[in-house]
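Colleague: First the structure, which I've put down as structure tokens, then a few questions once you've had a look.
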Amino acid sequence: MKNFNLRFLYLFFVALFGYLLFYSYTSEQNISNAVDQEEVSTNYLAGFNESQIHILENPLLEIVVDTVNGNILSSRLKDYPVVPGSDGGVRVLGSGLDSDGDQMRFYMSSGFADLESAGLSNKPNFSVVESSKERIVLKSDSLSKTIALSEGYEIYIKDSLDSSVVLKPYAQMLRTTGRGFDLDDMFISRSSYVGVAFNTKDDPYVSYRFRNIDNVSFDERGGWVASVQKYFLAALIGSQENLYRYFAREPSDGSDIYSFGYIVESSNNNSFEHRLYIGPKIRKDLLAVAEDLELTIDMGWFWFLAQPLAALLTVINGFVNNWGLSIIALTILIKVVFWPLTGKGFRSMANMRRVQPEMQRIQERYKNDRQKLSMEMMTLYRKEGVNPMGGCLPMLASFPFFIALFFVLRESLELRHAPFGLWLQDLSAPDPFFVLPVLMAALMYLTTRLNPTPPNADPTQVAVMKFMPIGISVLFVFFPSGLVLYSVANSGVQLIQQTMLYRELGALEDK
């Protein structure tokens with residue numbers, strides 16, 4: 001016993017030392033990354049020629065306009081700081097190093113196709129005619145361009161041409177590959193979708209990763225085309241009054257820039273206003289901007305379940321006003337709703353656990369006669385009303401909801417920089433003290449102790465199952481704390497439900 005206590009004490013101090021080293025390392029890395037991100041976000045204008053740019057802004061959005069070619073070069077979302085408490089806002093359009101440290105360029109342009117047929121240069125040279133805080137008017141010969149901000153995240157770009165030749169208006173976004181500007185560096189965030197998406201009459205959401213773009217096009221009345229990344233997007237939105245040819249084109253002629261946008265096919269005059277949304281992916285707001293635009297929030301395989309779960313989470317938070325508590329409340333609600341099914345599974349597992357001593361005696365008695373062993377086991381199952389698969393099948397029904405809510409919490413912008421309380425001040429970031437991963441490991445360990453050992457189980461497999469909670473908790477160290485909080489709440493409620501039912505059925509005695 002003394003040697004056992006010493007060994008346990010030794011392992012405890014080794015684990016504590018490893019924890020302190022890892023915590024120190026991650027803390028230093030987080031501080032360094034935060035400093036770098038804030039410096040980039042507050043000094044992003046340094047890369048532009050100040051003599052040919054004009055800044056438009058409203059309380060939510062700031063954009064940089066090139067006054068020579070009329071392009072929108074950069075955008076900054078004021079309500080979404082790169083790091084909590086900083087002055088710099090996340091950029092969607094921009095130029096410079098992306099979140100992975102690679103060079104990236106992303107801007108928007110508009111005008112008329114084939115200006116040469118009207119005797120004009122395809123590269124107009126604008127000058128400023130009128131400018132204010134929220135609006136600018138540019139002119140180049142018979143071309144004029146007005147860029148104006150709404151009160152929110154929408155930008156209106158009106159292109160006009162004084163010519164007897166009627167040309168087709170176009171608008172496009174141009175982008176090199178990259179994950180996006182000013183995003184977090186968590187490995188789970190890298191799995192979020194980055195690419196181009198279209199809204200069409202045949203499919204409300206058609207998406208392409210940049211590497212898969214091969215000169216695609218759609219003819220649509222209305223619709224939209226968007227550049228999608230985690231939390232934020234830029235979208236050109238069409239109207240039902242016009243027919244558009246939406247396109248996405250791969251780089252050509254040695255360029256590294258992808259282009260995607262539309263050409264207006266139904267225009268019958270040389271004046272057209274484009275509508276551009278640059279902003280956060282908040283479901284209720286996207287619903288108000290354009291039909292199906294909320295589909296740009298990547299909800300994974302079970303999106304048809306994730307969408308109503310996201311709406312329900314928002315409703316709950318309207319009463320609770322704490323996203324962490326809302327996650328816990330939604331988790332409890334789901335567990336209660338599915339209790340009739342999961343209860344059947346737990347009941348079957350409880351019966352398996354209750355008859356396990358008799359199963360072990362049969363296995364020992366007939367270990368050298370597999371045919372007789374199988375017959376005796378089946379007789380025992382029929383006698384006790386035990387179904388070896390009964391513990392799995394009913395609980396599979398709730399699995400799609402578990403996956404759906406996983407995607408909801410991974411992609412919900414509302415959790416970004418949202419505090420839960422105490423040591424958790426950002427539900428989109430990992431737990432800084434690893435409390436939730438450790439708690440998750442403890443809950444998983446207690447749950448595995450309740451689960452019956454399968455008949456004829458491999459001893460190695462049994463040993464692996466005992467150590468699995470440790471392995472999973474290591475992964476949870478890197479997960480957003482909102483996701484881990486959901487897993488802890490889910491496992492905690494399940495453990496309570498399972499324990500109460502086992503006690504009721506007399507299945508809590510030692511195996």
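Chain labels run A, B, ... following the order of the structure tokens; each chain numbers its residues from 1, and ligands are numbered from 1 in the order shown.
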Applying 9 Å and only C-alpha atoms, which residues near range 412-419 of chain A remain after dropping the ones on its own chain fewer than 2 positions away? List them as an NGL selection string.

Modeller: :A and (80 or 83-84 or 230-232 or 280-283 or 297 or 310 or 322-324 or 407-410 or 421-429 or 482)

Colleague: Going by DSSP on the backbone, which residues of range 172-310 of chain A come out as strand (DSSP E)? List them as a ChimeraX atom specification.

Modeller: /A:172-175,195-199,206-208,216-221,224-228,232-237,243-249,258-264,271-280

Colleague: Neighbours of range 111-125 of chain A within 7 Å (only C-alpha atoms; same-chain residues fewer than 5 positions away dropped), as a list in words?

Modeller: Val68, Asn69, Ser140, Asp159, Ser163, Val165, Leu167, Lys168, Pro169, Tyr170 and Ala171 of chain A

Colleague: What does the distance between CA of Glu220 in chain A and CA of Leu243 in chain A come to in Å, to one decimal place?

Modeller: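 Between these atoms lies a distance of 5.7 Å.
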
Colleague: Which distance in Å separates CA of Phe346 in chain A and CA of Leu436 in chain A, to one decimal?

Modeller: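 One can read the CA of Phe346 in chain A to CA of Leu436 in chain A distance as 25.2 Å.
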
Colleague: Using CA of Thr296 in chain A and CA of Ser189 in chain A as the two end points, give the distance in Å to one decimal.

Modeller: 15.6 Å

Colleague: Nearest residue to Arg449 in chain A out of A:Gln52, A:Thr499, A:Asn317, A:Ser473, using only C-alpha atoms?

Modeller: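 The shortest atom-to-atom distance to Arg449 in chain A comes from A:Thr499.
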
Colleague: Pick from A:Gln103, A:Leu61, A:Val289, A:Ser160: nearest to Lys133 in chain A, with only C-alpha atoms counted?

Modeller: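 Of A:Gln103, A:Leu61, A:Val289, A:Ser160, the one nearest Lys133 in chain A, counting only C-alpha atoms, is A:Leu61.
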
Colleague: Pick out the residues sitting within 10 Å of Met108 in chain A, and hand them over as a count of residues only; count only C-alpha atoms, and ignore anything fewer than 4 positions along from it in its own chain.

Modeller: 19

Colleague: Given only C-alpha atoms as the basis, pick out the residue of A:Pro308, A:Gly238, A:Gly178, A:Gly254 nearest to Ala226 in chain A.

Modeller: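 Checking each candidate against Ala226 in chain A, we get A:Gly238 as the closest.
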
Colleague: Tell me, as a list in words, which residues lie within 12 Å of Glu130 in chain A, counting only C-alpha atoms; anything in the same chain fewer than 6 positions away does not count.

Modeller: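 Those residues are His54, Thr67, Ile136, Val137, Leu138, Lys139, Ser144, Lys145, Thr146, Ile147 and Ala148 of chain A.
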
Colleague: Store the residues picked out above in a file with N, CA and C atoms, as a PDB file, in the first residue's frame.

Modeller:
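Contents of part30.pdb, as written:
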```pdb
ATOM      1  N   HIS A  54      -9.905  57.117 -49.838  1.00  0.00           N
ATOM      2  CA  HIS A  54     -10.872  57.860 -49.029  1.00  0.00           C
ATOM      3  C   HIS A  54     -11.573  56.856 -48.120  1.00  0.00           C
ATOM      4  N   THR A  67      -9.679  56.092 -54.823  1.00  0.00           N
ATOM      5  CA  THR A  67     -10.319  57.182 -55.560  1.00  0.00           C
ATOM      6  C   THR A  67      -9.872  57.256 -57.019  1.00  0.00           C
ATOM      7  N   ILE A 136     -19.270  58.928 -51.268  1.00  0.00           N
ATOM      8  CA  ILE A 136     -18.290  59.544 -52.158  1.00  0.00           C
ATOM      9  C   ILE A 136     -18.768  59.407 -53.598  1.00  0.00           C
ATOM     10  N   VAL A 137     -18.553  60.463 -54.403  1.00  0.00           N
ATOM     11  CA  VAL A 137     -18.915  60.455 -55.818  1.00  0.00           C
ATOM     12  C   VAL A 137     -17.639  60.635 -56.625  1.00  0.00           C
ATOM     13  N   LEU A 138     -17.396  59.722 -57.574  1.00  0.00           N
ATOM     14  CA  LEU A 138     -16.205  59.745 -58.427  1.00  0.00           C
ATOM     15  C   LEU A 138     -16.643  59.923 -59.877  1.00  0.00           C
ATOM     16  N   LYS A 139     -15.765  60.565 -60.678  1.00  0.00           N
ATOM     17  CA  LYS A 139     -16.104  60.772 -62.086  1.00  0.00           C
ATOM     18  C   LYS A 139     -14.856  60.629 -62.950  1.00  0.00           C
ATOM     19  N   SER A 144     -19.408  57.714 -64.045  1.00  0.00           N
ATOM     20  CA  SER A 144     -19.471  58.192 -62.663  1.00  0.00           C
ATOM     21  C   SER A 144     -19.785  57.018 -61.745  1.00  0.00           C
ATOM     22  N   LYS A 145     -19.319  57.115 -60.506  1.00  0.00           N
ATOM     23  CA  LYS A 145     -19.508  56.053 -59.519  1.00  0.00           C
ATOM     24  C   LYS A 145     -19.811  56.701 -58.168  1.00  0.00           C
ATOM     25  N   THR A 146     -20.885  56.239 -57.546  1.00  0.00           N
ATOM     26  CA  THR A 146     -21.259  56.709 -56.215  1.00  0.00           C
ATOM     27  C   THR A 146     -21.218  55.522 -55.254  1.00  0.00           C
ATOM     28  N   ILE A 147     -20.485  55.669 -54.169  1.00  0.00           N
ATOM     29  CA  ILE A 147     -20.393  54.623 -53.141  1.00  0.00           C
ATOM     30  C   ILE A 147     -20.944  55.208 -51.852  1.00  0.00           C
ATOM     31  N   ALA A 148     -21.948  54.545 -51.289  1.00  0.00           N
ATOM     32  CA  ALA A 148     -22.596  55.059 -50.076  1.00  0.00           C
ATOM     33  C   ALA A 148     -22.821  53.930 -49.085  1.00  0.00           C
TER      34      ALA A 148
END
```

Colleague: Find the residue from A:Ile157, A:Leu293, A:Ile188, A:Leu149 that sits nearest to Val206 in chain A; use only C-alpha atoms when measuring.

Modeller: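 Among the listed residues, the smallest separation from Val206 in chain A belongs to A:Leu293.
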
Colleague: For Phe198 in chain A, list every protein, DNA or RNA residue within 6 Å, evaluated using only C-alpha atoms, and leave out those in the same chain fewer than 4 positions away; present the list as an NGL selection string.

Modeller: :A and (205-206 or 224-225)

Colleague: Env of Ala306 in chain A: 12 Å cut, atoms = only C-alpha atoms, seq-sep filter 3 positions within chain, self excluded. Answer as a list in words.

Modeller: Arg283, Glu294, Leu295, Ile297, Asp298, Met299, Gly300, Trp301, Phe302, Trp303, Leu309, Ala310, Ala311, Leu312, Leu313, Pro400, Phe401, Phe402, Ile403, Ala404, Leu405, Phe406, Phe407, Val408, Leu409, Arg410, Glu411 and Ser412 of chain A

Colleague: Can those selected residues be exported to a file as an mmCIF file, in the first residue's frame so that it contains N, CA and C atoms?

Modeller:
```cif
data_model
loop_
_atom_site.group_PDB
_atom_site.id
_atom_site.type_symbol
_atom_site.label_atom_id
_atom_site.label_comp_id
_atom_site.auth_asym_id
_atom_site.auth_seq_id
_atom_site.Cartn_x
_atom_site.Cartn_y
_atom_site.Cartn_z
ATOM 1 N N ARG A 283 -27.301 34.829 -37.718
ATOM 2 C CA ARG A 283 -28.403 34.216 -38.448
ATOM 3 C C ARG A 283 -29.600 35.156 -38.612
ATOM 4 N N GLU A 294 -28.554 33.028 -44.689
ATOM 5 C CA GLU A 294 -28.148 32.388 -43.438
ATOM 6 C C GLU A 294 -27.485 31.027 -43.676
ATOM 7 N N LEU A 295 -27.650 30.468 -44.893
ATOM 8 C CA LEU A 295 -27.019 29.185 -45.208
ATOM 9 C C LEU A 295 -25.507 29.309 -45.314
ATOM 10 N N ILE A 297 -23.704 30.212 -43.005
ATOM 11 C CA ILE A 297 -23.190 29.716 -41.724
ATOM 12 C C ILE A 297 -23.088 28.199 -41.855
ATOM 13 N N ASP A 298 -21.886 27.681 -41.857
ATOM 14 C CA ASP A 298 -21.647 26.262 -42.122
ATOM 15 C C ASP A 298 -22.161 25.421 -40.963
ATOM 16 N N MET A 299 -23.297 24.743 -41.178
ATOM 17 C CA MET A 299 -23.910 23.922 -40.136
ATOM 18 C C MET A 299 -23.672 22.430 -40.331
ATOM 19 N N GLY A 300 -22.801 22.062 -41.271
ATOM 20 C CA GLY A 300 -22.401 20.675 -41.387
ATOM 21 C C GLY A 300 -23.443 19.775 -42.020
ATOM 22 N N TRP A 301 -23.271 18.473 -41.792
ATOM 23 C CA TRP A 301 -24.116 17.462 -42.450
ATOM 24 C C TRP A 301 -25.582 17.589 -42.047
ATOM 25 N N PHE A 302 -25.813 17.891 -40.783
ATOM 26 C CA PHE A 302 -27.188 17.933 -40.280
ATOM 27 C C PHE A 302 -27.665 19.384 -40.147
ATOM 28 N N TRP A 303 -27.466 20.166 -41.218
ATOM 29 C CA TRP A 303 -27.820 21.581 -41.194
ATOM 30 C C TRP A 303 -29.316 21.784 -40.945
ATOM 31 N N LEU A 309 -31.917 24.512 -34.133
ATOM 32 C CA LEU A 309 -31.225 24.528 -32.846
ATOM 33 C C LEU A 309 -30.558 25.882 -32.610
ATOM 34 N N ALA A 310 -29.991 26.456 -33.680
ATOM 35 C CA ALA A 310 -29.380 27.782 -33.557
ATOM 36 C C ALA A 310 -30.433 28.829 -33.202
ATOM 37 N N ALA A 311 -31.593 28.732 -33.832
ATOM 38 C CA ALA A 311 -32.679 29.676 -33.533
ATOM 39 C C ALA A 311 -33.151 29.508 -32.090
ATOM 40 N N LEU A 312 -33.254 28.255 -31.624
ATOM 41 C CA LEU A 312 -33.693 27.996 -30.256
ATOM 42 C C LEU A 312 -32.672 28.507 -29.245
ATOM 43 N N LEU A 313 -31.392 28.345 -29.556
ATOM 44 C CA LEU A 313 -30.345 28.847 -28.666
ATOM 45 C C LEU A 313 -30.445 30.365 -28.527
ATOM 46 N N PRO A 400 -27.472 12.566 -34.307
ATOM 47 C CA PRO A 400 -27.489 13.696 -35.253
ATOM 48 C C PRO A 400 -27.667 15.047 -34.564
ATOM 49 N N PHE A 401 -28.444 15.086 -33.481
ATOM 50 C CA PHE A 401 -28.628 16.341 -32.753
ATOM 51 C C PHE A 401 -27.332 16.764 -32.057
ATOM 52 N N PHE A 402 -26.583 15.779 -31.563
ATOM 53 C CA PHE A 402 -25.295 16.079 -30.942
ATOM 54 C C PHE A 402 -24.343 16.704 -31.964
ATOM 55 N N ILE A 403 -24.267 16.108 -33.168
ATOM 56 C CA ILE A 403 -23.394 16.636 -34.220
ATOM 57 C C ILE A 403 -23.873 18.011 -34.676
ATOM 58 N N ALA A 404 -25.197 18.158 -34.830
ATOM 59 C CA ALA A 404 -25.747 19.443 -35.285
ATOM 60 C C ALA A 404 -25.414 20.562 -34.312
ATOM 61 N N LEU A 405 -25.581 20.303 -33.018
ATOM 62 C CA LEU A 405 -25.290 21.343 -32.024
ATOM 63 C C LEU A 405 -23.791 21.617 -31.951
ATOM 64 N N PHE A 406 -22.979 20.613 -32.223
ATOM 65 C CA PHE A 406 -21.524 20.816 -32.301
ATOM 66 C C PHE A 406 -21.195 21.881 -33.341
ATOM 67 N N PHE A 407 -21.797 21.768 -34.541
ATOM 68 C CA PHE A 407 -21.535 22.744 -35.596
ATOM 69 C C PHE A 407 -22.109 24.115 -35.241
ATOM 70 N N VAL A 408 -23.269 24.135 -34.602
ATOM 71 C CA VAL A 408 -23.860 25.408 -34.189
ATOM 72 C C VAL A 408 -22.895 26.166 -33.286
ATOM 73 N N LEU A 409 -22.334 25.476 -32.308
ATOM 74 C CA LEU A 409 -21.451 26.129 -31.343
ATOM 75 C C LEU A 409 -20.092 26.459 -31.956
ATOM 76 N N ARG A 410 -19.659 25.652 -32.913
ATOM 77 C CA ARG A 410 -18.377 25.941 -33.566
ATOM 78 C C ARG A 410 -18.458 27.167 -34.453
ATOM 79 N N GLU A 411 -19.619 27.389 -35.096
ATOM 80 C CA GLU A 411 -19.734 28.443 -36.099
ATOM 81 C C GLU A 411 -20.465 29.687 -35.606
ATOM 82 N N SER A 412 -21.047 29.662 -34.417
ATOM 83 C CA SER A 412 -21.855 30.798 -33.960
ATOM 84 C C SER A 412 -20.980 31.984 -33.569
#
```
